[in-house]
$ cat my_file.txt   # compact mmCIF, C-alpha atoms
# COMPACT_ATOMS: atom_id res chain seq x y z
CA MET Z 1 -6.79 -3.04 28.60
CA ARG Z 2 -5.03 -5.08 25.95
CA ARG Z 3 -8.09 -7.24 25.54
CA GLU Z 4 -10.23 -4.19 24.83
CA ARG Z 5 -7.65 -2.97 22.35
CA ASP Z 6 -7.50 -6.34 20.61
CA GLU Z 7 -11.27 -6.58 20.38
CA ALA Z 8 -11.62 -3.08 18.99
CA PHE Z 9 -8.79 -3.65 16.54
CA SER Z 10 -10.30 -6.94 15.36
CA ALA Z 11 -13.64 -5.25 14.82
CA PHE Z 12 -11.94 -2.54 12.80
CA VAL Z 13 -10.13 -5.10 10.66
CA ALA Z 14 -13.32 -7.07 10.05
CA GLY Z 15 -15.17 -3.96 9.00
CA SER Z 16 -12.54 -2.02 7.11
CA ARG Z 17 -9.98 -4.43 5.69
CA GLY Z 18 -11.92 -4.95 2.47
CA ASP Z 19 -12.07 -1.23 1.78
CA LEU Z 20 -8.37 -0.84 2.57
CA LEU Z 21 -7.61 -3.69 0.17
CA ARG Z 22 -9.55 -1.97 -2.61
CA THR Z 23 -7.65 1.23 -1.97
CA ALA Z 24 -4.34 -0.61 -1.83
CA THR Z 25 -5.11 -2.41 -5.09
CA LEU Z 26 -5.47 0.90 -6.88
CA LEU Z 27 -2.43 2.38 -5.13
CA ALA Z 28 -0.47 -0.67 -6.25
CA ALA Z 29 -1.81 -0.22 -9.79
CA GLY Z 30 -3.43 -3.64 -9.75
CA ASP Z 31 -0.56 -5.60 -8.16
CA ARG Z 32 -2.56 -7.81 -5.79
CA HIS Z 33 0.45 -9.13 -3.91
CA LEU Z 34 1.79 -5.67 -3.26
CA ALA Z 35 -1.69 -4.53 -2.25
CA GLU Z 36 -1.92 -7.28 0.37
CA ASP Z 37 1.55 -6.36 1.65
CA LEU Z 38 0.54 -2.72 1.95
CA VAL Z 39 -2.59 -3.62 3.90
CA GLN Z 40 -0.65 -5.84 6.28
CA VAL Z 41 1.91 -3.12 6.92
CA SER Z 42 -0.87 -0.59 7.41
CA LEU Z 43 -2.77 -2.72 9.92
CA THR Z 44 0.36 -3.65 11.86
CA ARG Z 45 1.32 -0.01 12.29
CA LEU Z 46 -2.26 0.86 13.08
CA TYR Z 47 -2.18 -1.65 15.93
CA LEU Z 48 0.93 0.04 17.31
CA ALA Z 49 -0.67 3.48 17.09
CA TRP Z 50 -4.08 2.31 18.32
CA PRO Z 51 -3.91 3.79 21.87
CA ARG Z 52 -3.49 7.33 20.57
CA LEU Z 53 -6.12 7.03 17.84
CA ARG Z 54 -9.40 7.19 19.72
CA ALA Z 55 -11.74 8.47 17.02
CA PRO Z 56 -12.79 5.87 14.41
CA GLU Z 57 -12.21 8.32 11.56
CA ALA Z 58 -8.69 8.97 12.86
CA ARG Z 59 -7.96 5.26 12.73
CA PHE Z 60 -9.13 4.98 9.16
CA ALA Z 61 -7.22 8.09 8.12
CA TYR Z 62 -4.09 6.72 9.78
CA ALA Z 63 -4.45 3.37 8.01
CA ARG Z 64 -4.80 5.12 4.66
CA ARG Z 65 -1.80 7.33 5.40
CA VAL Z 66 0.34 4.30 6.16
CA LEU Z 67 -0.82 2.67 2.92
CA VAL Z 68 0.59 5.60 0.98
CA ASN Z 69 3.80 5.75 3.01
CA ALA Z 70 4.32 2.02 2.62
CA LEU Z 71 3.80 2.35 -1.12
CA ILE Z 72 6.38 5.16 -1.29
CA ASP Z 73 8.80 3.04 0.72
CA GLU Z 74 8.24 0.16 -1.65
CA THR Z 75 8.84 2.23 -4.77
CA ARG Z 76 12.12 3.46 -3.29
CA ARG Z 77 13.54 -0.01 -2.97
CA PRO Z 78 16.42 -0.53 -5.42
CA TRP Z 79 15.18 -3.86 -6.73
CA ARG Z 80 11.83 -2.33 -7.60
CA ARG Z 81 13.50 0.33 -9.70
CA ARG Z 82 15.52 -2.28 -11.53
CA GLU Z 83 12.68 -4.72 -12.09
CA GLN Z 84 9.03 -4.14 -12.73
CA PRO Z 85 7.18 -7.27 -11.59
CA ARG Z 86 3.54 -7.47 -12.60
CA ALA Z 87 0.73 -9.79 -11.71
CA GLU Z 88 -0.11 -10.21 -15.38
CA LEU Z 89 2.29 -10.65 -18.26
CA PRO Z 90 2.51 -7.51 -20.37
CA ASP Z 91 2.00 -9.45 -23.59
CA ALA Z 92 -1.13 -11.22 -22.40
CA PRO Z 93 -3.93 -11.32 -24.99
CA ALA Z 94 -6.75 -8.83 -24.68
CA PRO Z 95 -10.02 -10.10 -23.18
CA ALA Z 96 -12.33 -11.65 -25.71
CA ALA Z 97 -15.33 -9.50 -24.78
CA GLY Z 98 -13.40 -6.37 -25.59
CA GLY Z 99 -15.93 -3.59 -25.55
CA PRO Z 100 -14.89 0.04 -25.10
CA ASP Z 101 -15.30 -0.18 -21.33
CA ASP Z 102 -13.24 -3.35 -21.04
CA GLU Z 103 -10.56 -1.75 -23.13
CA ARG Z 104 -10.52 1.31 -20.89
CA LEU Z 105 -10.26 -0.84 -17.77
CA ALA Z 106 -7.37 -2.72 -19.31
CA ARG Z 107 -5.58 0.56 -19.91
CA LEU Z 108 -6.35 1.96 -16.47
CA ARG Z 109 -3.85 -0.09 -14.49
CA PRO Z 110 -0.78 0.73 -16.56
CA ALA Z 111 -1.99 4.33 -16.61
CA LEU Z 112 -2.20 4.34 -12.81
CA GLU Z 113 1.24 2.77 -12.60
CA GLN Z 114 2.69 5.69 -14.51
CA LEU Z 115 1.49 8.14 -11.86
CA PRO Z 116 3.86 8.92 -8.98
CA PRO Z 117 2.63 7.31 -5.73
CA ARG Z 118 1.33 10.47 -4.08
CA MET Z 119 -0.39 11.64 -7.26
CA ARG Z 120 -2.00 8.21 -7.59
CA ALA Z 121 -3.11 8.42 -3.97
CA ALA Z 122 -4.59 11.88 -4.47
CA VAL Z 123 -6.69 10.64 -7.38
CA VAL Z 124 -7.83 7.54 -5.50
CA PHE Z 125 -8.76 9.36 -2.30
CA ARG Z 126 -10.51 12.20 -4.11
CA HIS Z 127 -12.36 10.17 -6.70
CA LEU Z 128 -12.83 6.68 -5.27
CA HIS Z 129 -13.37 7.56 -1.63
CA GLU Z 130 -14.62 11.05 -2.40
CA LEU Z 131 -12.65 12.63 0.39
CA SER Z 132 -12.64 16.41 0.42
CA VAL Z 133 -9.51 18.31 -0.49
CA ALA Z 134 -8.90 18.97 3.21
CA GLU Z 135 -9.38 15.32 4.16
CA THR Z 136 -7.08 14.18 1.38
CA ALA Z 137 -4.47 16.72 2.44
CA ASP Z 138 -4.68 15.35 5.97
CA VAL Z 139 -4.20 11.77 4.78
CA LEU Z 140 -1.30 12.70 2.50
CA ASN Z 141 0.19 15.10 5.05
CA CYS Z 142 0.48 17.91 2.53
CA SER Z 143 -1.18 21.21 1.71
CA GLN Z 144 -4.61 21.50 0.08
CA GLY Z 145 -3.01 23.24 -2.87
CA THR Z 146 -0.77 20.23 -3.39
CA VAL Z 147 -3.79 17.95 -3.34
CA LYS Z 148 -5.52 20.06 -5.99
CA SER Z 149 -2.52 20.22 -8.26
CA GLN Z 150 -1.65 16.54 -7.83
CA THR Z 151 -5.22 15.47 -8.50
CA ALA Z 152 -5.55 17.69 -11.55
CA ARG Z 153 -2.29 16.43 -13.01
CA GLY Z 154 -3.19 12.85 -12.21
CA LEU Z 155 -6.56 13.14 -13.91
CA ASP Z 156 -4.98 14.82 -16.87
CA GLN Z 157 -2.51 11.97 -17.28
CA LEU Z 158 -5.26 9.40 -16.90
CA ARG Z 159 -7.39 11.14 -19.50
CA ARG Z 160 -4.53 11.18 -21.95
CA ALA Z 161 -3.74 7.53 -21.28
CA LEU Z 162 -7.39 6.58 -21.71
CA ALA Z 163 -7.90 8.99 -24.63
CA VAL Z 164 -10.70 10.88 -22.91
CA PRO Z 165 -11.28 14.62 -23.46
CA PRO Z 166 -11.25 16.75 -20.28
CA THR Z 167 -14.85 17.13 -19.10
CA ASP Z 168 -14.56 16.92 -15.31
CA PRO Z 169 -15.00 20.05 -13.18
CA PRO Z 170 -11.81 21.75 -11.97
CA GLU Z 171 -10.24 20.39 -8.82
CA ASP Z 172 -11.08 23.45 -6.74
CA GLY Z 173 -14.73 23.14 -7.67
CA PRO Z 174 -17.40 21.25 -5.79
CA PRO Z 175 -16.57 17.67 -4.77
CA PRO Z 176 -17.65 14.94 -7.16
CA SER Z 177 -21.19 13.73 -6.81
CA ARG Z 178 -21.74 10.52 -4.91
CA PRO Z 179 -22.71 7.76 -7.31
CA ALA Z 180 -24.59 4.54 -6.78
CA PRO Z 181 -23.04 1.85 -4.55
CA ALA Z 182 -20.49 -0.46 -6.12
CA SER Z 183 -22.87 -3.38 -6.05
CA ALA Z 184 -25.21 -1.55 -8.39
CA LEU Z 185 -22.52 -0.75 -10.95
CA THR Z 186 -21.72 -2.64 -14.10
CA PRO Z 187 -18.98 -1.76 -16.54
CA ALA Z 188 -21.46 -1.37 -19.35
CA THR Z 189 -23.72 1.12 -17.63
CA THR Z 190 -21.70 3.19 -15.21
CA TRP Z 191 -19.21 5.00 -17.43
CA SER Z 192 -20.38 8.21 -18.91
CA ALA Z 193 -19.64 8.57 -22.59
CA PRO Z 194 -16.40 10.35 -23.33
CA MET C 1 -15.01 10.40 -17.74
CA ASN C 2 -16.64 9.21 -14.54
CA VAL C 3 -13.51 8.57 -12.54
CA HIS C 4 -15.32 7.19 -9.52
CA ALA C 5 -17.07 4.56 -11.60
CA LEU C 6 -13.86 3.75 -13.44
CA LEU C 7 -11.92 3.22 -10.21
CA THR C 8 -14.79 1.31 -8.67
CA ASP C 9 -14.97 -1.02 -11.64
CA ALA C 10 -11.22 -1.53 -11.53
CA THR C 11 -11.57 -2.98 -8.04
CA ALA C 12 -14.85 -4.77 -8.59
CA ASP C 13 -13.13 -8.16 -8.58
CA VAL C 14 -11.20 -7.54 -5.36
CA ASP C 15 -12.33 -10.01 -2.73
CA THR C 16 -13.33 -7.73 0.12
CA ALA C 17 -14.73 -10.49 2.33
CA VAL C 18 -12.70 -10.70 5.53
CA HIS C 19 -12.25 -14.20 6.93
CA PRO C 20 -11.86 -14.54 10.72
CA ASP C 21 -8.46 -16.18 10.17
CA THR C 22 -7.32 -13.08 8.32
CA VAL C 23 -8.43 -10.89 11.21
CA ARG C 24 -6.56 -13.08 13.63
CA ALA C 25 -3.41 -13.01 11.49
CA ASP C 26 -3.52 -9.21 11.41
CA LEU C 27 -3.96 -9.12 15.16
CA ILE C 28 -1.01 -11.45 15.72
CA ARG C 29 1.22 -9.34 13.49
CA GLY C 30 0.25 -6.27 15.47
CA ARG C 31 0.90 -7.95 18.80
CA ARG C 32 4.31 -9.16 17.69
CA ALA C 33 5.25 -5.70 16.46
CA ALA C 34 4.14 -4.21 19.77
CA HIS C 35 6.20 -6.80 21.64
CA ARG C 36 9.32 -6.00 19.61
CA ARG C 37 8.80 -2.31 20.20
CA ARG C 38 8.37 -2.77 23.94
CA LEU C 39 11.62 -4.71 24.12
CA ARG C 40 13.42 -2.08 22.08
CA ARG C 41 11.98 1.02 23.67
CA GLY C 42 12.01 -0.37 27.19
CA GLY C 43 15.74 -0.93 27.09
CA VAL C 44 16.42 2.40 25.49
CA ALA C 45 14.21 4.38 27.88
CA GLY C 46 15.77 2.74 30.92
CA LEU C 47 19.26 3.61 29.79
CA VAL C 48 18.32 7.19 29.02
CA MET C 49 16.75 7.68 32.44
CA ALA C 50 19.73 6.12 34.17
CA GLY C 51 22.01 8.39 32.22
CA ALA C 52 20.01 11.44 33.24
CA PHE C 53 20.21 10.53 36.92
CA ALA C 54 23.93 9.99 36.66
CA GLY C 55 24.26 13.76 36.42
CA ALA C 56 26.00 16.06 34.08
CA VAL C 57 29.00 14.53 32.41
CA ALA C 58 31.47 16.47 30.35
CA LEU C 59 31.25 15.18 26.83
CA GLY C 60 33.64 17.47 25.10
CA SER C 61 33.19 21.21 24.94
CA THR C 62 31.37 22.85 22.08
CA GLU C 63 34.34 25.21 21.87
CA THR C 64 36.88 22.42 21.62
CA PRO C 65 35.25 19.66 19.62
CA ALA C 66 38.43 17.66 19.54
CA ALA C 67 38.55 17.22 23.31
CA PRO C 68 38.35 13.59 24.43
CA LEU C 69 35.32 12.41 26.36
CA ALA C 70 36.02 12.48 30.06
CA GLY C 71 34.24 13.21 33.29
CA PRO C 72 32.53 11.69 36.29
CA GLY C 73 31.19 8.24 35.66
CA VAL C 74 33.24 7.75 32.53
CA ASP C 75 35.64 4.89 33.04
CA ARG C 76 37.45 5.16 29.75
CA VAL C 77 38.62 7.89 27.47
CA LEU C 78 37.54 7.66 23.88
CA GLU C 79 39.84 8.66 21.10
CA PRO C 80 38.24 11.80 19.74
CA GLY C 81 37.22 11.89 16.13
CA THR C 82 37.90 8.21 15.62
CA ILE C 83 35.53 8.13 12.69
CA GLN C 84 35.01 11.34 10.75
CA LEU C 85 31.94 12.42 8.85
CA VAL C 86 31.94 12.21 5.07
CA ASP C 87 29.38 13.36 2.52
CA TYR C 88 26.65 10.83 1.87
CA THR C 89 25.78 10.41 -1.80
CA GLY C 90 23.83 7.15 -1.74
CA GLU C 91 20.12 6.50 -1.78
CA GLN C 92 18.09 8.10 0.99
CA LEU C 93 15.62 5.96 2.89
CA ALA C 94 12.14 6.85 4.08
CA GLY C 95 11.58 8.95 7.17
CA TYR C 96 14.94 10.69 7.46
CA ALA C 97 17.52 12.04 5.03
CA VAL C 98 21.16 12.62 5.92
CA ASP C 99 23.85 14.82 4.38
CA GLU C 100 26.76 13.04 6.00
CA VAL C 101 27.56 9.64 7.49
CA PRO C 102 30.54 8.33 9.46
CA ASP C 103 33.36 7.32 7.13
CA GLY C 104 32.92 3.69 6.15
CA TRP C 105 29.36 3.53 7.41
CA ALA C 106 26.13 3.23 5.41
CA LEU C 107 22.39 3.47 5.88
CA LEU C 108 21.13 0.09 7.06
CA ASP C 109 17.38 0.25 7.58
CA ALA C 110 14.66 2.82 7.92
CA ASP C 111 10.97 3.09 8.51
CA GLU C 112 8.88 5.98 9.75
CA TYR C 113 10.14 5.40 13.28
CA ALA C 114 13.90 5.13 12.96
CA LEU C 115 16.89 5.28 10.65
CA THR C 116 19.84 3.07 11.52
CA ILE C 117 23.38 3.59 10.23
CA GLY C 118 26.17 1.08 10.67
CA PRO C 119 29.48 -0.13 9.25
CA SER C 120 29.31 -0.96 5.55
CA GLY C 121 29.43 -4.58 4.52
CA VAL C 122 27.88 -5.98 7.65
CA PRO C 123 24.97 -8.04 6.31
CA GLY C 124 22.04 -9.52 8.13
CA THR C 125 21.57 -7.00 10.90
CA ASP C 126 18.25 -7.05 12.71
CA PRO C 127 16.41 -3.89 11.62
CA ASN C 128 14.66 -3.79 14.99
CA SER C 129 17.92 -3.70 16.94
CA TYR C 130 19.69 -0.39 17.52
CA VAL C 131 22.63 -1.91 19.36
CA GLY C 132 25.94 -0.69 17.99
CA LYS C 133 24.26 1.50 15.38
CA LEU C 134 24.01 5.23 14.89
CA THR C 135 20.25 5.66 15.18
CA VAL C 136 18.04 8.61 14.29
CA LEU C 137 14.48 8.58 15.56
CA LEU C 138 11.78 10.88 16.81
CA MET C 139 11.25 10.97 20.55
CA SER C 140 8.39 8.82 21.75
CA GLN C 141 5.14 10.62 22.38
CA ASP C 142 5.47 9.58 25.99
CA GLU C 143 8.93 11.12 26.38
CA THR C 144 9.76 14.67 27.34
CA MET C 145 12.83 16.63 26.38
CA PRO C 146 15.49 16.00 29.06
CA ALA C 147 16.30 18.90 31.35
CA GLU C 148 19.75 17.55 32.22
CA GLY C 149 22.79 17.03 30.08
CA THR C 150 25.31 19.03 28.10
CA GLU C 151 24.13 21.67 25.68
CA VAL C 152 25.51 21.64 22.13
CA THR C 153 24.82 23.84 19.13
CA ILE C 154 23.13 22.21 16.15
CA GLY C 155 22.98 24.76 13.36
CA SER C 156 20.46 27.33 14.53
CA THR C 157 19.18 25.37 17.49
CA ILE C 158 20.43 23.96 20.77
CA GLY C 159 20.53 20.28 21.60
CA ARG C 160 21.13 18.41 24.79
CA VAL C 161 23.40 15.40 25.27
CA VAL C 162 22.61 12.79 27.90
CA THR C 163 25.09 10.01 28.65
CA GLU C 164 24.17 6.41 29.22
CA ALA C 165 24.78 4.58 32.45
CA GLY C 166 27.10 1.63 32.45
CA ARG C 167 29.22 2.99 29.67
CA GLY C 168 32.50 1.30 29.11
CA GLY C 169 31.20 -2.23 29.07
CA SER C 170 30.92 -4.02 25.79
CA ALA C 171 27.21 -4.47 26.44
CA ALA C 172 26.57 -0.72 26.35
CA PRO C 173 24.36 -0.25 23.29
CA PHE C 174 25.31 3.38 22.75
CA ASP C 175 27.42 6.06 24.38
CA PHE C 176 25.01 8.93 24.60
CA SER C 177 21.87 10.38 23.13
CA LEU C 178 21.50 13.81 21.55
CA PHE C 179 18.08 15.40 21.93
CA TYR C 180 16.90 18.44 20.00
CA VAL C 181 13.97 19.90 18.14
CA ASP C 182 14.43 19.85 14.38
CA PRO C 183 13.85 23.46 13.28
CA ALA C 184 12.46 22.54 9.86
CA SER C 185 9.86 20.00 10.92
CA GLY C 186 9.38 21.02 14.56
CA GLN C 187 9.79 17.37 15.54
CA PRO C 188 11.73 16.30 18.66
CA VAL C 189 14.64 14.17 17.49
CA ARG C 190 16.85 11.73 19.36
CA ILE C 191 20.15 10.50 17.95
CA GLN C 192 21.78 7.54 19.67
CA VAL C 193 25.54 7.37 19.25
CA PRO C 194 27.25 3.98 19.60
CA PRO C 195 30.62 3.54 21.35
CA ALA C 196 32.27 2.37 18.12
CA LEU C 197 32.23 5.90 16.71
CA GLY C 198 34.18 7.45 19.58
CA TRP C 199 32.41 10.72 18.93
CA THR C 200 32.37 13.84 21.01
CA ALA C 201 29.08 15.60 21.63
CA GLN C 202 29.99 18.21 19.05
CA GLN C 203 30.66 15.57 16.41
CA ALA C 204 27.20 14.20 17.06
CA ALA C 205 25.85 17.73 16.75
CA ASP C 206 27.67 18.14 13.44
CA PHE C 207 26.03 14.98 12.19
CA ALA C 208 22.64 16.19 13.42
CA THR C 209 23.03 19.38 11.38
CA GLY C 210 22.76 17.24 8.25
CA VAL C 211 19.75 15.21 9.40
CA HIS C 212 16.45 16.08 7.74
CA VAL C 213 13.19 14.76 9.12
CA THR C 214 10.72 14.03 6.33
CA THR C 215 6.96 14.05 6.53
CA ALA C 216 7.01 10.25 6.62
CA ALA C 217 8.67 10.20 10.06
CA GLU C 218 6.42 9.40 12.99
CA ARG C 219 6.72 9.43 16.75
CA GLY C 220 6.40 6.14 18.51
CA VAL C 221 4.36 5.37 21.58
CA GLY C 222 5.66 3.96 24.85
$ encode --input "my_file.txt" --output "structure tokens"
Amino acid sequence: MRRERDEAFSAFVAGSRGDLLRTATLLAAGDRHLAEDLVQVSLTRLYLAWPRLRAPEARFAYARRVLVNALIDETRRPWRRREQPRAELPDAPAPAAGGPDDERLARLRPALEQLPPRMRAAVVFRHLHELSVAETADVLNCSQGTVKSQTARGLDQLRRALAVPPTDPPEDGPPPSRPAPASALTPATTWSAP
Amino acid sequence: MNVHALLTDATADVDTAVHPDTVRADLIRGRRAAHRRRLRRGGVAGLVMAGAFAGAVALGSTETPAAPLAGPGVDRVLEPGTIQLVDYTGEQLAGYAVDEVPDGWALLDADEYALTIGPSGVPGTDPNSYVGKLTVLLMSQDETMPAEGTEVTIGSTIGRVVTEAGRGGSAAPFDFSLFYVDPASGQPVRIQVPPALGWTAQQAADFATGVHVTTAAERGVG
């Protein structure tokens, strides 16, 4: 019994850890160490809950939910409110090849960091993973209306931080179109002009 | 603004390759957590069952909250109201929020499974140990609401108090458990009361009135 569980869990980790780490990196606003911590917490709790999560999609949804909860827990810690550790120094020089896209990427992480955790999660799940409003509401354990409002506000804040005029469809409209796989994307070609 | 592309590019340099050693490390962490939970829950479940079989024990009437604990199987009489409830104004932790805490006690640790409260200024407690702590947690998914025990009123709902076997010895981890369904969240809650508080059932119920289960709380397994 335990052997079956361990084998299935290991297969899940091998196949899904990378995606969870990408999600966690955005939830942590680029803090790689925090992202790794969130993934470890998520997978540990997933192992505990494994027997009652039979469907593969339920396991993934649970892991994502724990990522968000672990992030919220982390942001509530007193030391984190007093200090704001970052992987990169805030006064680091800008990249040499500073095109418009590089500049926007550089501004994305601090912009994400300014979003409250659940708002950040709503944006990431809706627009990186392209979950539906209902799926995102399930992951965040909130109403679909909350997902819509949180996503809209999050996008609005990101647009302002990145100085982009609002051109996206409203949050209650059709889900975003599925773009090309990540491997086919390059910073210079994938961003639509503002 | 193509948000998907922007977010994808922001994580383009994340190393998503999963080394077998990483998988094994995740598995070991999970196994250890499961082991700790088995130790914790096994001891707790055994004591609760033993307490249920011990039969109904008077734990202080709901009409006379100040009555001392006494009854069959109780080999000592606790001083009622030894530690009173006071308003809690500190930081709330994840999973559960509380309006009041025992005087001189503070929130120790919390995750989605349990909130532990203990005497202030006692550093270095094991967050996985509930011994000697006032503990709030959701009932395990494998547990059912006890049919035995003393009924108490918790706000608009009714709870049930079940005593622990072997009470009176210093090794007893807690005096009794209060079981009820939280009206706001619909979640089945268990509150374990340690001997150090000397509480009556009604005092535990008063504390439970100020317990709020958040959406982050989860039920354990086993």
$ interface_residues --input "my_file.txt" --of "chain C" --to "chain Z" --cutoff "10 Å" --atoms "only C-alpha atoms" --output "PyMOL selection string"
chain C and resi 1-20+22-35+37+91-95+110-112+141+215-217+219-222
$ write_last_selection --input "my_file.txt" --atoms "C-alpha atoms" --output "PDB file, in the frame of the given file"
ATOM      1  CA  MET C   1     -15.010  10.400 -17.740  1.00  0.00           C
ATOM      2  CA  ASN C   2     -16.640   9.210 -14.540  1.00  0.00           C
ATOM      3  CA  VAL C   3     -13.510   8.570 -12.540  1.00  0.00           C
ATOM      4  CA  HIS C   4     -15.320   7.190  -9.520  1.00  0.00           C
ATOM      5  CA  ALA C   5     -17.070   4.560 -11.600  1.00  0.00           C
ATOM      6  CA  LEU C   6     -13.860   3.750 -13.440  1.00  0.00           C
ATOM      7  CA  LEU C   7     -11.920   3.220 -10.210  1.00  0.00           C
ATOM      8  CA  THR C   8     -14.790   1.310  -8.670  1.00  0.00           C
ATOM      9  CA  ASP C   9     -14.970  -1.020 -11.640  1.00  0.00           C
ATOM     10  CA  ALA C  10     -11.220  -1.530 -11.530  1.00  0.00           C
ATOM     11  CA  THR C  11     -11.570  -2.980  -8.040  1.00  0.00           C
ATOM     12  CA  ALA C  12     -14.850  -4.770  -8.590  1.00  0.00           C
ATOM     13  CA  ASP C  13     -13.130  -8.160  -8.580  1.00  0.00           C
ATOM     14  CA  VAL C  14     -11.200  -7.540  -5.360  1.00  0.00           C
ATOM     15  CA  ASP C  15     -12.330 -10.010  -2.730  1.00  0.00           C
ATOM     16  CA  THR C  16     -13.330  -7.730   0.120  1.00  0.00           C
ATOM     17  CA  ALA C  17     -14.730 -10.490   2.330  1.00  0.00           C
ATOM     18  CA  VAL C  18     -12.700 -10.700   5.530  1.00  0.00           C
ATOM     19  CA  HIS C  19     -12.250 -14.200   6.930  1.00  0.00           C
ATOM     20  CA  PRO C  20     -11.860 -14.540  10.720  1.00  0.00           C
ATOM     21  CA  THR C  22      -7.320 -13.080   8.320  1.00  0.00           C
ATOM     22  CA  VAL C  23      -8.430 -10.890  11.210  1.00  0.00           C
ATOM     23  CA  ARG C  24      -6.560 -13.080  13.630  1.00  0.00           C
ATOM     24  CA  ALA C  25      -3.410 -13.010  11.490  1.00  0.00           C
ATOM     25  CA  ASP C  26      -3.520  -9.210  11.410  1.00  0.00           C
ATOM     26  CA  LEU C  27      -3.960  -9.120  15.160  1.00  0.00           C
ATOM     27  CA  ILE C  28      -1.010 -11.450  15.720  1.00  0.00           C
ATOM     28  CA  ARG C  29       1.220  -9.340  13.490  1.00  0.00           C
ATOM     29  CA  GLY C  30       0.250  -6.270  15.470  1.00  0.00           C
ATOM     30  CA  ARG C  31       0.900  -7.950  18.800  1.00  0.00           C
ATOM     31  CA  ARG C  32       4.310  -9.160  17.690  1.00  0.00           C
ATOM     32  CA  ALA C  33       5.250  -5.700  16.460  1.00  0.00           C
ATOM     33  CA  ALA C  34       4.140  -4.210  19.770  1.00  0.00           C
ATOM     34  CA  HIS C  35       6.200  -6.800  21.640  1.00  0.00           C
ATOM     35  CA  ARG C  37       8.800  -2.310  20.200  1.00  0.00           C
ATOM     36  CA  GLU C  91      20.120   6.500  -1.780  1.00  0.00           C
ATOM     37  CA  GLN C  92      18.090   8.100   0.990  1.00  0.00           C
ATOM     38  CA  LEU C  93      15.620   5.960   2.890  1.00  0.00           C
ATOM     39  CA  ALA C  94      12.140   6.850   4.080  1.00  0.00           C
ATOM     40  CA  GLY C  95      11.580   8.950   7.170  1.00  0.00           C
ATOM     41  CA  ALA C 110      14.660   2.820   7.920  1.00  0.00           C
ATOM     42  CA  ASP C 111      10.970   3.090   8.510  1.00  0.00           C
ATOM     43  CA  GLU C 112       8.880   5.980   9.750  1.00  0.00           C
ATOM     44  CA  GLN C 141       5.140  10.620  22.380  1.00  0.00           C
ATOM     45  CA  THR C 215       6.960  14.050   6.530  1.00  0.00           C
ATOM     46  CA  ALA C 216       7.010  10.250   6.620  1.00  0.00           C
ATOM     47  CA  ALA C 217       8.670  10.200  10.060  1.00  0.00           C
ATOM     48  CA  ARG C 219       6.720   9.430  16.750  1.00  0.00           C
ATOM     49  CA  GLY C 220       6.400   6.140  18.510  1.00  0.00           C
ATOM     50  CA  VAL C 221       4.360   5.370  21.580  1.00  0.00           C
ATOM     51  CA  GLY C 222       5.660   3.960  24.850  1.00  0.00           C
TER      52      GLY C 222
END
$ closest_residue --input "my_file.txt" --among "Z:Glu36, Z:Glu4, Z:Glu57, Z:Thr75" --to "Pro116 (chain Z)" --atoms "all atoms listed in the file"
Z:Thr75
$ residues_near_point --input "my_file.txt" --point "(27.0, 20.3, 15.1)" --cutoff "8 Å" --atoms "only C-alpha atoms" --output "VMD selection string"
chain C and resid 152 to 155 202 to 209
$ write_last_selection --input "my_file.txt" --atoms "C-alpha atoms" --output "short mmCIF file (atom, residue, chain, number, x, y, z; two decimals), in the frame of the given file"
data_model
loop_
_atom_site.label_atom_id
_atom_site.label_comp_id
_atom_site.auth_asym_id
_atom_site.auth_seq_id
_atom_site.Cartn_x
_atom_site.Cartn_y
_atom_site.Cartn_z
CA VAL C 152 25.51 21.64 22.13
CA THR C 153 24.82 23.84 19.13
CA ILE C 154 23.13 22.21 16.15
CA GLY C 155 22.98 24.76 13.36
CA GLN C 202 29.99 18.21 19.05
CA GLN C 203 30.66 15.57 16.41
CA ALA C 204 27.20 14.20 17.06
CA ALA C 205 25.85 17.73 16.75
CA ASP C 206 27.67 18.14 13.44
CA PHE C 207 26.03 14.98 12.19
CA ALA C 208 22.64 16.19 13.42
CA THR C 209 23.03 19.38 11.38
#
$ residues_around --input "my_file.txt" --residues "Gln144 (chain Z)" --least-positions-apart "5" --cutoff "7 Å" --atoms "all atoms listed in the file" --output "VMD selection string"
chain Z and resid 133 to 134 137
$ closest_residue --input "my_file.txt" --among "Z:Ala8, Z:Lys148, Z:Arg153, Z:Arg107" --to "Pro56 (chain Z)" --atoms "all atoms listed in the file"
Z:Ala8
$ atom_distance --input "my_file.txt" --atom1 "CA of Arg160 (chain C)" --atom2 "CA of Ala201 (chain C)"
9.0 Å
$ atom_distance --input "my_file.txt" --atom1 "CA of Glu151 (chain C)" --atom2 "CA of Pro183 (chain C)"
16.2 Å
$ axis_aligned_box --input "my_file.txt" --around "region 93-96 of chain C" --padding-each-side "5 Å" --output "JSON"
{"center_x": 13.6, "center_y": 8.3, "center_z": 5.2, "size_x": 14.0, "size_y": 14.7, "size_z": 14.6}
$ atom_distance --input "my_file.txt" --atom1 "CA of Thr157 (chain C)" --atom2 "CA of Val98 (chain C)"
17.3 Å
